Amino acid sequence: MIEKTSKTKLKICIVGEKSVGKTSLLERYVFGTFGGDSGASSGTKMSLMSSRNVEAGGKVVDVDVAFFDLMGATAVRDSFKEVLFWGAHGFLAVADMTRSETIRALPAWVKVVRSIAGEIPFQVLLNKADLAPGGEMNSEDNGWFNSRFPKTRYHLVSAKSSVGVEDGIDALLKAVIESILAKAAEKNETPVRVGEISRKILSFAKRRSPIGVPKKDLLMVIKNVDHDSLMAEIEELRKNGLVTIELTGPASFLVKITEKGEKHLELAAKH
């Protein structure tokens, strides 16, 4: 029997070189529309899609997905990578299969996202399959891709015709949910140890429950801790199921304590 679970919120980034069709792919997936190739996007924008059911690990999970569409400028990527990729649950790496240079740029995009977000799941989408001869990647690019990503499946997609788009993105969501469920099962078997900074975060989040604590408030209240260290503490609490993170923008979020987090505080107060 397939078990129905509660809602989960996901942050998914979509990356790749300029003009590979990232925005068009999201519009096709989220809204079912295609506006044509209007050139490179400027800045970062978010498209929200709610209440999508994902079946994984014998469960059906109702997910709200926040897609972060990043422009393809490497200068922006390298300057704001911490803000853009921190807290991501998975990402889509997109290339234009009619332009070999965009395929060869994929390893750099994968590397920079994972340098911030960790070993999170990703899927490769090769867009504009409708323009490629025979709808296939040429043999040279295919050989190169398999040598650089030997265990990674790619999806041939077309934002214009919609071919492969839903399957490719759904594959990522399934992989993300499977990863989350596996980590949750592992954490349930492992005792959680929380340091002084994390206890302060939990205490503050409990006082603000159920509204939650904005990131900027945590940075002001918890002194003598640099930004990266605080973010690492929050991420560890999230992984342990002691808090949840609710995205309110590309670089902002609310931290909310969970029932498990409240129980942990109660136990800590007795010792």
# chains A, B, ... in the order shown; residues from 1 in each chain; ligands from 1
>>> select_by_dssp(residues="segment 109-160 of chain A", states="helix (DSSP H, G or I)", output="count of residues only")
25
>>> residues_around(residues="Thr258 of chain A", least_positions_apart="4", cutoff="9 Å", atoms="only C-alpha atoms", output="list in words")
Lys206, Gly241, Leu242, Val243, Thr244, Glu262 and Lys263 of chain A
>>> select_by_dssp(residues="segment 2-228 of chain A", states="strand (DSSP E)", output="PyMOL selection string")
chain A and resi 3-15+44-56+59-70+90-96+122-127+154-156+213-214
>>> residues_around(residues="Ile116 of chain A", least_positions_apart="3", cutoff="12 Å", atoms="only C-alpha atoms", output="PyMOL selection string")
chain A and resi 77-78+80-90+109-113+119-120+228+231-232+235
>>> atom_distance(atom1="atom CA of Ser161 of chain A", atom2="atom CA of Arg99 of chain A")
18.6 Å
>>> residues_around(residues="Asn142 of chain A", least_positions_apart="5", cutoff="12 Å", atoms="only C-alpha atoms", output="MDAnalysis selection string")
chainID A and resid 97 100 103:104 126 136:137 147:150 153:154 156
>>> residues_around(residues="Ala175 of chain A", least_positions_apart="2", cutoff="12 Å", atoms="only C-alpha atoms", output="VMD selection string")
chain A and resid 12 54 to 57 89 to 92 120 to 123 168 to 173 177 to 182
>>> closest_residue(among="A:Ala117, A:Val15, A:Ala105, A:Val157", to="Asp69 of chain A", atoms="only C-alpha atoms")
A:Val15
>>> residues_around(residues="Pro214 of chain A", least_positions_apart="2", cutoff="8 Å", atoms="only C-alpha atoms", output="ChimeraX atom specification")
/A:212,216-218,252-255
>>> write_last_selection(atoms="N, CA and C atoms", output="PDB file, in the first residue's frame")
ATOM      1  N   GLY A 212       7.705  31.672  13.218  1.00  0.00           N
ATOM      2  CA  GLY A 212       9.031  31.417  12.690  1.00  0.00           C
ATOM      3  C   GLY A 212       9.942  32.619  12.840  1.00  0.00           C
ATOM      4  N   LYS A 216      17.299  37.273   8.975  1.00  0.00           N
ATOM      5  CA  LYS A 216      17.951  38.517   9.399  1.00  0.00           C
ATOM      6  C   LYS A 216      17.893  38.689  10.918  1.00  0.00           C
ATOM      7  N   ASP A 217      16.816  38.207  11.557  1.00  0.00           N
ATOM      8  CA  ASP A 217      16.698  38.305  13.012  1.00  0.00           C
ATOM      9  C   ASP A 217      17.707  37.397  13.700  1.00  0.00           C
ATOM     10  N   LEU A 218      17.897  36.215  13.144  1.00  0.00           N
ATOM     11  CA  LEU A 218      18.890  35.306  13.715  1.00  0.00           C
ATOM     12  C   LEU A 218      20.290  35.905  13.648  1.00  0.00           C
ATOM     13  N   SER A 252      16.240  34.785   1.437  1.00  0.00           N
ATOM     14  CA  SER A 252      15.619  34.945   2.747  1.00  0.00           C
ATOM     15  C   SER A 252      14.705  33.757   3.058  1.00  0.00           C
ATOM     16  N   PHE A 253      14.538  33.509   4.363  1.00  0.00           N
ATOM     17  CA  PHE A 253      13.720  32.378   4.764  1.00  0.00           C
ATOM     18  C   PHE A 253      13.302  32.542   6.216  1.00  0.00           C
ATOM     19  N   LEU A 254      12.354  31.706   6.637  1.00  0.00           N
ATOM     20  CA  LEU A 254      11.927  31.620   8.032  1.00  0.00           C
ATOM     21  C   LEU A 254      12.370  30.275   8.592  1.00  0.00           C
ATOM     22  N   VAL A 255      12.869  30.272   9.818  1.00  0.00           N
ATOM     23  CA  VAL A 255      13.217  29.042  10.518  1.00  0.00           C
ATOM     24  C   VAL A 255      12.115  28.745  11.526  1.00  0.00           C
TER      25      VAL A 255
END
>>> residues_around(residues="Thr98 of chain A", least_positions_apart="4", cutoff="10 Å", atoms="only C-alpha atoms", output="list in words")
Val20, Thr102, Ile103, Leu126, Asn127, Lys128, Ala129, Asp130, Leu131, Ala132, Pro133, Gly135, Glu136, Met137 and Asn138 of chain A
>>> atom_distance(atom1="atom CA of Gly195 of chain A", atom2="atom CA of Lys256 of chain A")
17.9 Å
>>> closest_residue(among="A:Glu246, A:Asp226, A:Asp62, A:Glu236", to="Lys183 of chain A", atoms="only C-alpha atoms")
A:Glu236
>>> decode(residues="segment 192-213 of chain A", atoms="N, CA and C atoms", output="short mmCIF file (atom, residue, chain, number, x, y, z; two decimals), in the first residue's frame")
data_model
loop_
_atom_site.label_atom_id
_atom_site.label_comp_id
_atom_site.auth_asym_id
_atom_site.auth_seq_id
_atom_site.Cartn_x
_atom_site.Cartn_y
_atom_site.Cartn_z
N VAL A 192 20.99 12.67 17.87
CA VAL A 192 21.29 14.02 17.42
C VAL A 192 22.05 14.76 18.50
N ARG A 193 23.17 15.36 18.14
CA ARG A 193 23.93 16.18 19.07
C ARG A 193 23.87 17.63 18.60
N VAL A 194 23.48 18.49 19.50
CA VAL A 194 23.29 19.89 19.14
C VAL A 194 24.17 20.76 20.03
N GLY A 195 24.94 21.68 19.40
CA GLY A 195 25.83 22.55 20.14
C GLY A 195 25.13 23.78 20.68
N GLU A 196 25.92 24.68 21.30
CA GLU A 196 25.37 25.86 21.95
C GLU A 196 24.68 26.80 20.95
N ILE A 197 25.29 27.03 19.80
CA ILE A 197 24.69 27.92 18.81
C ILE A 197 23.35 27.37 18.34
N SER A 198 23.32 26.07 18.08
CA SER A 198 22.07 25.45 17.62
C SER A 198 20.99 25.52 18.69
N ARG A 199 21.38 25.39 19.97
CA ARG A 199 20.39 25.52 21.04
C ARG A 199 19.80 26.92 21.08
N LYS A 200 20.64 27.92 20.81
CA LYS A 200 20.14 29.30 20.78
C LYS A 200 19.14 29.49 19.63
N ILE A 201 19.47 28.88 18.48
CA ILE A 201 18.56 28.96 17.33
C ILE A 201 17.23 28.31 17.66
N LEU A 202 17.30 27.12 18.28
CA LEU A 202 16.07 26.40 18.63
C LEU A 202 15.25 27.18 19.66
N SER A 203 15.93 27.75 20.65
CA SER A 203 15.22 28.51 21.68
C SER A 203 14.52 29.73 21.09
N PHE A 204 15.22 30.42 20.21
CA PHE A 204 14.64 31.60 19.56
C PHE A 204 13.46 31.20 18.69
N ALA A 205 13.63 30.10 17.95
CA ALA A 205 12.55 29.63 17.06
C ALA A 205 11.33 29.19 17.88
N LYS A 206 11.57 28.60 19.06
CA LYS A 206 10.45 28.18 19.89
C LYS A 206 9.68 29.40 20.41
N ARG A 207 10.41 30.46 20.79
CA ARG A 207 9.74 31.67 21.27
C ARG A 207 8.90 32.31 20.17
N ARG A 208 9.33 32.16 18.93
CA ARG A 208 8.62 32.75 17.79
C ARG A 208 7.61 31.79 17.15
N SER A 209 7.47 30.61 17.72
CA SER A 209 6.55 29.63 17.14
C SER A 209 5.10 30.13 17.30
N PRO A 210 4.21 29.92 16.32
CA PRO A 210 4.43 29.18 15.07
C PRO A 210 4.84 30.07 13.90
N ILE A 211 5.06 31.36 14.16
CA ILE A 211 5.35 32.29 13.06
C ILE A 211 6.69 31.99 12.40
N GLY A 212 7.71 31.67 13.22
CA GLY A 212 9.03 31.42 12.69
C GLY A 212 9.94 32.62 12.84
N VAL A 213 11.24 32.38 12.66
CA VAL A 213 12.26 33.42 12.82
C VAL A 213 12.87 33.76 11.47
#
